[in-house]
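Below is upload.tsv, which holds TSV, C-alpha atoms and all ligand atoms.
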chain	number	residue	atom	x	y	z
O	1	MET	CA	-8.99	-20.13	50.70
O	2	ASN	CA	-8.44	-19.45	47.04
O	3	PHE	CA	-11.58	-18.55	45.14
O	4	VAL	CA	-13.20	-16.37	42.51
O	5	LYS	CA	-16.67	-15.09	43.37
O	6	PHE	CA	-19.08	-13.57	40.88
O	7	LEU	CA	-20.91	-10.66	42.51
O	8	GLY	CA	-22.74	-10.13	39.27
O	9	THR	CA	-23.10	-11.58	35.79
O	10	ALA	CA	-24.97	-8.76	34.04
O	11	GLY	CA	-23.52	-7.33	30.87
O	12	ALA	CA	-24.32	-4.19	28.93
O	13	ARG	CA	-26.99	-1.63	29.57
O	14	PHE	CA	-30.40	-3.27	29.70
O	15	VAL	CA	-29.62	-6.27	31.86
O	16	VAL	CA	-27.91	-3.86	34.26
O	17	ILE	CA	-30.51	-1.10	34.43
O	18	LYS	CA	-33.28	-3.62	34.98
O	19	GLN	CA	-31.02	-5.71	37.28
O	20	LEU	CA	-32.09	-8.91	35.52
O	21	ARG	CA	-28.70	-10.07	36.73
O	22	ALA	CA	-26.61	-8.40	39.42
O	23	SER	CA	-23.69	-6.23	38.33
O	24	GLY	CA	-21.24	-6.33	41.22
O	25	GLY	CA	-18.12	-7.51	39.39
O	26	ILE	CA	-15.77	-10.34	40.34
O	27	TRP	CA	-13.97	-10.80	43.68
O	28	PHE	CA	-10.67	-12.70	43.72
O	29	SER	CA	-9.17	-14.16	46.89
O	30	LEU	CA	-5.86	-15.82	46.03
O	31	LYS	CA	-2.80	-16.53	48.17
O	32	GLY	CA	-4.01	-14.14	50.85
O	33	THR	CA	-4.42	-11.31	48.35
O	34	GLN	CA	-7.91	-10.01	47.72
O	35	PHE	CA	-8.85	-7.88	44.80
O	36	LEU	CA	-11.99	-6.79	43.08
O	37	VAL	CA	-12.55	-6.50	39.36
O	38	ASP	CA	-15.07	-4.20	37.66
O	39	PRO	CA	-17.31	-3.14	40.55
O	40	GLY	CA	-20.51	-2.24	38.75
O	41	PRO	CA	-23.73	-0.94	40.34
O	42	GLY	CA	-24.61	-2.85	43.51
O	43	CYS	CA	-21.12	-4.19	44.18
O	44	LEU	CA	-20.90	-2.96	47.77
O	45	VAL	CA	-24.32	-4.39	48.66
O	46	ARG	CA	-23.54	-7.72	47.01
O	47	ALA	CA	-20.18	-7.98	48.79
O	48	LEU	CA	-21.59	-7.24	52.24
O	49	LYS	CA	-24.60	-9.50	51.73
O	50	SER	CA	-22.49	-12.45	50.56
O	51	ARG	CA	-22.38	-15.39	52.91
O	52	PRO	CA	-19.77	-15.47	54.28
O	53	ALA	CA	-19.60	-11.68	53.88
O	54	LEU	CA	-16.76	-10.28	51.84
O	55	GLN	CA	-14.94	-7.52	53.65
O	56	PRO	CA	-14.00	-4.54	51.49
O	57	GLU	CA	-11.49	-3.27	54.08
O	58	LYS	CA	-9.50	-6.50	53.46
O	59	LEU	CA	-9.09	-5.68	49.77
O	60	ASN	CA	-5.56	-5.13	48.47
O	61	GLY	CA	-6.66	-3.62	45.20
O	62	LEU	CA	-9.25	-2.76	42.60
O	63	PHE	CA	-8.95	-3.49	38.89
O	64	LEU	CA	-11.06	-1.47	36.48
O	65	SER	CA	-11.02	-2.89	32.95
O	66	HIS	CA	-12.73	0.21	31.53
O	67	LYS	CA	-14.87	3.15	32.52
O	68	HIS	CA	-18.32	2.01	31.32
O	69	LEU	CA	-20.90	2.22	34.11
O	70	ASP	CA	-21.70	-1.49	34.25
O	71	HIS	CA	-18.04	-1.94	35.30
O	72	SER	CA	-17.38	1.23	37.27
O	73	GLY	CA	-20.69	2.21	38.91
O	74	ASP	CA	-19.47	1.36	42.43
O	75	ILE	CA	-15.76	2.10	41.96
O	76	ASN	CA	-15.83	5.21	44.15
O	77	ILE	CA	-17.70	3.65	47.04
O	78	MET	CA	-15.38	0.63	46.85
O	79	VAL	CA	-12.36	2.92	47.17
O	80	GLU	CA	-13.99	4.39	50.25
O	81	ALA	CA	-14.90	0.97	51.64
O	82	MET	CA	-11.44	-0.49	50.95
O	83	THR	CA	-9.81	2.40	52.82
O	84	ASN	CA	-12.26	2.34	55.73
O	85	GLY	CA	-13.80	5.66	54.73
O	86	GLY	CA	-10.40	7.10	53.89
O	87	PHE	CA	-9.14	6.68	57.47
O	88	MET	CA	-6.96	3.73	56.53
O	89	PRO	CA	-5.21	4.69	53.28
O	90	GLN	CA	-4.29	1.47	51.48
O	91	GLY	CA	-4.70	-0.53	48.33
O	92	VAL	CA	-3.92	-0.17	44.68
O	93	LEU	CA	-6.19	0.98	41.90
O	94	LEU	CA	-5.37	-0.35	38.43
O	95	ALA	CA	-7.28	1.52	35.73
O	96	PRO	CA	-6.95	2.80	32.16
O	97	GLU	CA	-5.89	6.40	31.72
O	98	ASP	CA	-9.23	7.54	30.29
O	99	ALA	CA	-10.99	6.36	33.46
O	100	LEU	CA	-8.79	8.77	35.43
O	101	GLU	CA	-8.45	11.78	33.12
O	102	GLY	CA	-10.78	13.86	30.98
O	103	ASP	CA	-14.22	12.72	32.10
O	104	PRO	CA	-12.98	10.50	34.94
O	105	VAL	CA	-15.05	7.90	36.78
O	106	VAL	CA	-12.79	7.93	39.86
O	107	PHE	CA	-13.33	11.07	41.94
O	108	ARG	CA	-10.16	13.04	42.52
O	109	TYR	CA	-10.91	13.67	46.19
O	110	LEU	CA	-10.77	9.92	46.87
O	111	ARG	CA	-7.44	9.30	45.20
O	112	SER	CA	-5.29	10.25	48.18
O	113	PHE	CA	-7.01	7.44	50.11
O	114	LEU	CA	-5.19	4.95	47.90
O	115	GLN	CA	-1.69	3.66	48.42
O	116	ARG	CA	-1.09	4.06	44.70
O	117	ILE	CA	-2.76	4.26	41.32
O	118	GLU	CA	-1.31	2.36	38.38
O	119	VAL	CA	-2.31	3.31	34.87
O	120	LEU	CA	-2.94	0.24	32.69
O	121	LYS	CA	-0.90	-0.13	29.52
O	122	GLU	CA	-0.75	-3.08	27.18
O	123	ASN	CA	2.10	-5.55	27.42
O	124	ARG	CA	2.92	-4.65	31.02
O	125	GLU	CA	3.05	-6.58	34.27
O	126	TYR	CA	1.71	-5.31	37.60
O	127	ARG	CA	2.21	-6.65	41.12
O	128	LEU	CA	-0.56	-6.96	43.61
O	129	GLY	CA	0.51	-8.58	46.88
O	130	GLU	CA	1.67	-12.08	45.96
O	131	LEU	CA	0.08	-11.92	42.53
O	132	ARG	CA	1.37	-10.85	39.14
O	133	LEU	CA	-1.05	-9.45	36.60
O	134	ARG	CA	0.03	-9.44	32.98
O	135	VAL	CA	-1.99	-6.98	30.90
O	136	PRO	CA	-1.55	-8.32	27.39
O	137	ILE	CA	-3.31	-6.14	24.86
O	138	ARG	CA	-5.61	-3.18	24.40
O	139	HIS	CA	-9.12	-4.33	23.55
O	140	GLN	CA	-11.35	-2.98	20.81
O	141	HIS	CA	-14.18	-1.38	22.75
O	142	GLY	CA	-15.63	2.13	22.83
O	143	VAL	CA	-13.20	3.26	25.55
O	144	GLU	CA	-9.73	2.19	26.68
O	145	THR	CA	-10.14	-1.41	27.89
O	146	PHE	CA	-7.72	-4.01	29.25
O	147	GLY	CA	-7.91	-7.51	30.74
O	148	PHE	CA	-5.28	-9.61	32.50
O	149	VAL	CA	-3.65	-12.97	32.98
O	150	LEU	CA	-3.05	-13.52	36.65
O	151	GLN	CA	-0.08	-15.59	37.75
O	152	SER	CA	0.69	-16.76	41.25
O	153	ASP	CA	2.97	-19.54	42.46
O	154	GLY	CA	1.12	-22.80	42.86
O	155	LEU	CA	-2.13	-21.66	41.29
O	156	PRO	CA	-3.29	-22.00	37.69
O	157	GLY	CA	-3.10	-18.87	35.52
O	158	ILE	CA	-6.43	-17.05	35.41
O	159	GLY	CA	-7.33	-14.98	32.38
O	160	TYR	CA	-10.00	-12.28	32.35
O	161	VAL	CA	-11.19	-11.19	28.91
O	162	PRO	CA	-13.44	-8.15	29.42
O	163	ASP	CA	-15.52	-6.32	26.84
O	164	THR	CA	-14.16	-6.22	23.31
O	165	ARG	CA	-14.96	-6.78	19.70
O	166	PHE	CA	-13.31	-9.96	18.43
O	167	PHE	CA	-9.98	-9.41	16.68
O	168	PRO	CA	-7.48	-12.02	15.47
O	169	GLU	CA	-4.78	-11.28	18.08
O	170	LEU	CA	-7.23	-11.60	20.99
O	171	PRO	CA	-7.05	-15.35	21.79
O	172	GLN	CA	-3.26	-15.73	21.87
O	173	ALA	CA	-2.87	-12.56	23.93
O	174	TYR	CA	-4.36	-14.54	26.82
O	175	SER	CA	-2.04	-17.55	26.56
O	176	GLY	CA	-1.16	-19.01	29.93
O	177	SER	CA	-4.78	-18.91	31.12
O	178	LYS	CA	-5.76	-22.26	32.62
O	179	ILE	CA	-8.98	-20.75	33.93
O	180	LEU	CA	-10.46	-18.36	31.43
O	181	ILE	CA	-13.23	-15.86	32.22
O	182	VAL	CA	-14.84	-14.37	29.12
O	183	ASN	CA	-17.36	-11.54	29.01
O	184	THR	CA	-19.86	-12.88	26.50
O	185	VAL	CA	-22.63	-10.35	25.95
O	186	LEU	CA	-24.20	-11.66	22.76
O	187	VAL	CA	-25.54	-14.87	21.23
O	188	GLN	CA	-24.68	-13.84	17.67
O	189	PRO	CA	-21.74	-11.73	16.45
O	190	ARG	CA	-22.46	-8.00	16.19
O	191	PRO	CA	-19.07	-6.36	15.49
O	192	ASP	CA	-20.78	-2.96	15.52
O	193	LEU	CA	-21.50	-3.43	19.24
O	194	TYR	CA	-17.86	-4.07	20.22
O	195	HIS	CA	-18.83	-7.05	22.38
O	196	LEU	CA	-18.04	-10.76	22.16
O	197	SER	CA	-20.64	-13.31	21.13
O	198	LEU	CA	-20.85	-17.04	21.80
O	199	PRO	CA	-19.13	-18.15	18.56
O	200	GLU	CA	-16.32	-15.67	19.22
O	201	ALA	CA	-15.93	-16.79	22.83
O	202	GLU	CA	-15.80	-20.34	21.46
O	203	GLU	CA	-13.03	-19.32	19.06
O	204	VAL	CA	-11.00	-17.88	21.96
O	205	ILE	CA	-11.56	-21.09	23.96
O	206	LYS	CA	-10.71	-23.31	21.00
O	207	GLN	CA	-7.40	-21.54	20.42
O	208	LEU	CA	-6.35	-21.29	24.07
O	209	ARG	CA	-7.61	-24.65	25.33
O	210	PRO	CA	-7.81	-23.71	29.03
O	211	GLU	CA	-8.75	-26.30	31.63
O	212	LYS	CA	-11.97	-24.44	32.32
O	213	ALA	CA	-13.76	-21.50	30.78
O	214	ILE	CA	-16.38	-19.43	32.57
O	215	LEU	CA	-18.68	-17.18	30.58
O	216	THR	CA	-20.20	-14.13	32.26
O	217	HIS	CA	-21.43	-10.57	31.60
O	218	PHE	CA	-24.59	-11.60	29.78
O	219	GLY	CA	-26.72	-9.29	27.66
O	220	MET	CA	-30.41	-9.66	26.84
O	221	THR	CA	-30.00	-12.13	23.98
O	222	MET	CA	-27.97	-14.42	26.24
O	223	LEU	CA	-30.60	-14.36	28.97
O	224	LYS	CA	-33.28	-15.27	26.45
O	225	ALA	CA	-31.21	-18.18	25.13
O	226	LYS	CA	-30.70	-21.26	27.28
O	227	ILE	CA	-27.16	-20.42	28.29
O	228	TRP	CA	-26.48	-23.77	29.96
O	229	GLU	CA	-27.35	-25.59	26.72
O	230	LYS	CA	-25.09	-23.28	24.72
O	231	THR	CA	-22.16	-23.81	27.08
O	232	GLU	CA	-22.73	-27.56	26.98
O	233	GLU	CA	-22.56	-27.48	23.18
O	234	ILE	CA	-19.32	-25.51	23.27
O	235	SER	CA	-17.91	-28.01	25.77
O	236	GLN	CA	-18.78	-30.86	23.39
O	237	ARG	CA	-17.19	-29.17	20.41
O	238	THR	CA	-14.03	-27.92	22.10
O	239	GLY	CA	-13.41	-30.58	24.75
O	240	VAL	CA	-12.99	-27.77	27.30
O	241	GLN	CA	-15.31	-27.59	30.27
O	242	VAL	CA	-17.33	-24.41	29.78
O	243	LEU	CA	-19.53	-22.98	32.54
O	244	ALA	CA	-22.00	-20.12	32.61
O	245	ALA	CA	-21.51	-17.99	35.71
O	246	SER	CA	-24.51	-17.19	37.90
O	247	ASP	CA	-24.90	-14.42	40.45
O	248	GLY	CA	-23.10	-15.43	43.62
O	249	LEU	CA	-21.19	-18.32	42.04
O	250	THR	CA	-18.04	-19.12	44.00
O	251	PHE	CA	-15.39	-20.93	42.00
O	252	SER	CA	-12.87	-22.63	44.29
O	253	LEU	CA	-9.25	-23.16	43.24
O	254	ASP	CA	-8.38	-25.35	46.20
O	255	ASN	CA	-8.88	-28.80	44.66
O	301	ZN	ZN	-18.19	-1.91	28.20
Show me this structure written as structure tokens.
Amino acid sequence: MNFVKFLGTAGARFVVIKQLRASGGIWFSLKGTQFLVDPGPGCLVRALKSRPALQPEKLNGLFLSHKHLDHSGDINIMVEAMTNGGFMPQGVLLAPEDALEGDPVVFRYLRSFLQRIEVLKENREYRLGELRLRVPIRHQHGVETFGFVLQSDGLPGIGYVPDTRFFPELPQAYSGSKILIVNTVLVQPRPDLYHLSLPEAEEVIKQLRPEKAILTHFGMTMLKAKIWEKTEEISQRTGVQVLAASDGLTFSLDN
């Protein structure tokens, strides 16, 4: 089974601390490789309570786009869960350097549980089981932040555009994404907040023309807007099918 499951769709502080949406990150199961992206607060609970349950000890890796709490809150417990409490050292952690050094969000005592840690750099490719992750460009966010374009034989390329301010090089950096996941926190552009808004997500979609785009990581203004109407409008204007993720959404890649 090849799927992407949204264990949370909350973005930024207030939606997360009030849990207006869950904040468990995104679980990928592709070609027998399972990996988890941005395990925010509640990830472990959401994974175990999924039906069918997702099994952290089956994970091959964890990808942390950046150290902010809404992305990293459960990173340590997910390392422990992936490695069966540390008794079964395995799995890869992909994370930016500033999530590992200085004021790190990954505890040092857990690191020996991992098979390896790879520090994310722009314009690099990483292997995870049968999958190849291309990390195209450093984002413009308060801390070191990276997304990926995931390639695997026989499956469409999947792009993940995590938190960033819009910048002109952003859309083309994610070329090759047939399925595009975009963290869209805001309704209107607020460059001072270093997050994408709907018009900016639309610009990325317009330039890349993926087969499908999925918006997620919603802030307060997005929850107050009628997101499904906004995505429908973007679909009309761009000719690309645009969906708004919901907590627990499973997106199948098998048909
Ligand atoms: Zn952030």
Please write out the residues within 10 Å of ligand ZN 301 (chain O) as an NGL selection string, counting all atoms listed in the file.
:O and (11-13 or 65-72 or 141-145 or 162-164 or 183 or 185 or 193-195 or 217)
List every protein, DNA or RNA residue that has an atom no more than 7 Å from (-9.2, 7.5, 51.3) in the file's coordinate frame, counting all atoms listed in the file, and report them as a PDB file with C-alpha atoms, keeping the file's coordinate frame.
ATOM      1  CA  VAL O  79     -12.360   2.920  47.170  1.00  0.00           C
ATOM      2  CA  GLU O  80     -13.990   4.390  50.250  1.00  0.00           C
ATOM      3  CA  THR O  83      -9.810   2.400  52.820  1.00  0.00           C
ATOM      4  CA  GLY O  85     -13.800   5.660  54.730  1.00  0.00           C
ATOM      5  CA  GLY O  86     -10.400   7.100  53.890  1.00  0.00           C
ATOM      6  CA  PHE O  87      -9.140   6.680  57.470  1.00  0.00           C
ATOM      7  CA  MET O  88      -6.960   3.730  56.530  1.00  0.00           C
ATOM      8  CA  PRO O  89      -5.210   4.690  53.280  1.00  0.00           C
ATOM      9  CA  LEU O 110     -10.770   9.920  46.870  1.00  0.00           C
ATOM     10  CA  ARG O 111      -7.440   9.300  45.200  1.00  0.00           C
ATOM     11  CA  SER O 112      -5.290  10.250  48.180  1.00  0.00           C
ATOM     12  CA  PHE O 113      -7.010   7.440  50.110  1.00  0.00           C
ATOM     13  CA  LEU O 114      -5.190   4.950  47.900  1.00  0.00           C
TER      14      LEU O 114
END
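In this model, the gap between atom CA of O:Ala245 and atom CA of O:Ile181 comes to 9.2 Å.
Remark: for O:Phe63, the closest of the candidate residues O:Val119, O:Ile77, O:Ala10, O:Leu44 is O:Val119 (distances computed over only C-alpha atoms).
Taking all atoms listed in the file into account, O:Glu130 lies nearest to O:Gln34 out of the set O:Thr238, O:Asn84, O:Thr184, O:Gln34.
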Enclose the full set of atoms of stretch 72-79 of chain O listed in the file within a box whose edges lie along x, y and z, apply 5 Å of padding to each of the six sides, and report centre and edge lengths in Å to one decimal as JSON.
{"center_x": -16.5, "center_y": 2.9, "center_z": 42.2, "size_x": 18.3, "size_y": 14.6, "size_z": 19.9}
Neighbouring residues of O:Gly25 were defined as those with any atom within 12 Å, considering only C-alpha atoms; residues of the same chain fewer than 5 positions away were excluded. Please report them as number ranges by chain.
O: 4-11, 16, 35-47, 62-65, 69-75, 78, 160, 162, 183, 216-217, 245-249
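All residues of protein, DNA or RNA that reach within 9 Å of O:Thr221, judged by only C-alpha atoms and not counting those fewer than 6 positions away in the chain, are Val185, Leu186, Val187 and Gln188 of chain O.
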Name the residues within 8 Å of (-15.9, -24.4, 34.1), counting all atoms listed in the file in the file's coordinates, and put them as a PDB file with C-alpha atoms, in the frame of the given file.
ATOM      1  CA  ILE O 179      -8.980 -20.750  33.930  1.00  0.00           C
ATOM      2  CA  GLU O 211      -8.750 -26.300  31.630  1.00  0.00           C
ATOM      3  CA  LYS O 212     -11.970 -24.440  32.320  1.00  0.00           C
ATOM      4  CA  ALA O 213     -13.760 -21.500  30.780  1.00  0.00           C
ATOM      5  CA  ILE O 214     -16.380 -19.430  32.570  1.00  0.00           C
ATOM      6  CA  GLN O 241     -15.310 -27.590  30.270  1.00  0.00           C
ATOM      7  CA  VAL O 242     -17.330 -24.410  29.780  1.00  0.00           C
ATOM      8  CA  LEU O 243     -19.530 -22.980  32.540  1.00  0.00           C
ATOM      9  CA  ALA O 244     -22.000 -20.120  32.610  1.00  0.00           C
TER      10      ALA O 244
END
Best match for closeness to O:Gly239 among O:Ala99, O:Leu54, O:Leu208, O:Met222, counting all atoms listed in the file
O:Leu208
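Going from atom CA of O:Ala225 to atom CA of O:His139 covers 26.1 Å.
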From the set O:Arg165, O:Lys31, O:Arg190, O:Arg108, which residue has the shortest atom-to-atom contact distance to O:Gly129, counting only C-alpha atoms?
O:Lys31
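Separating atom CA of O:Val182 from atom CA of O:Glu233 is a distance of 16.3 Å.
Proximity of O:Leu223, O:Leu150, O:Leu100, O:Leu253 to O:Ile117, computed with only C-alpha atoms, is greatest for O:Leu100.
Using all atoms listed in the file, the shortest contact distance between O:Lys206 and any of O:Arg237, O:Lys224, O:Lys230, O:Arg134 is found at O:Arg237.
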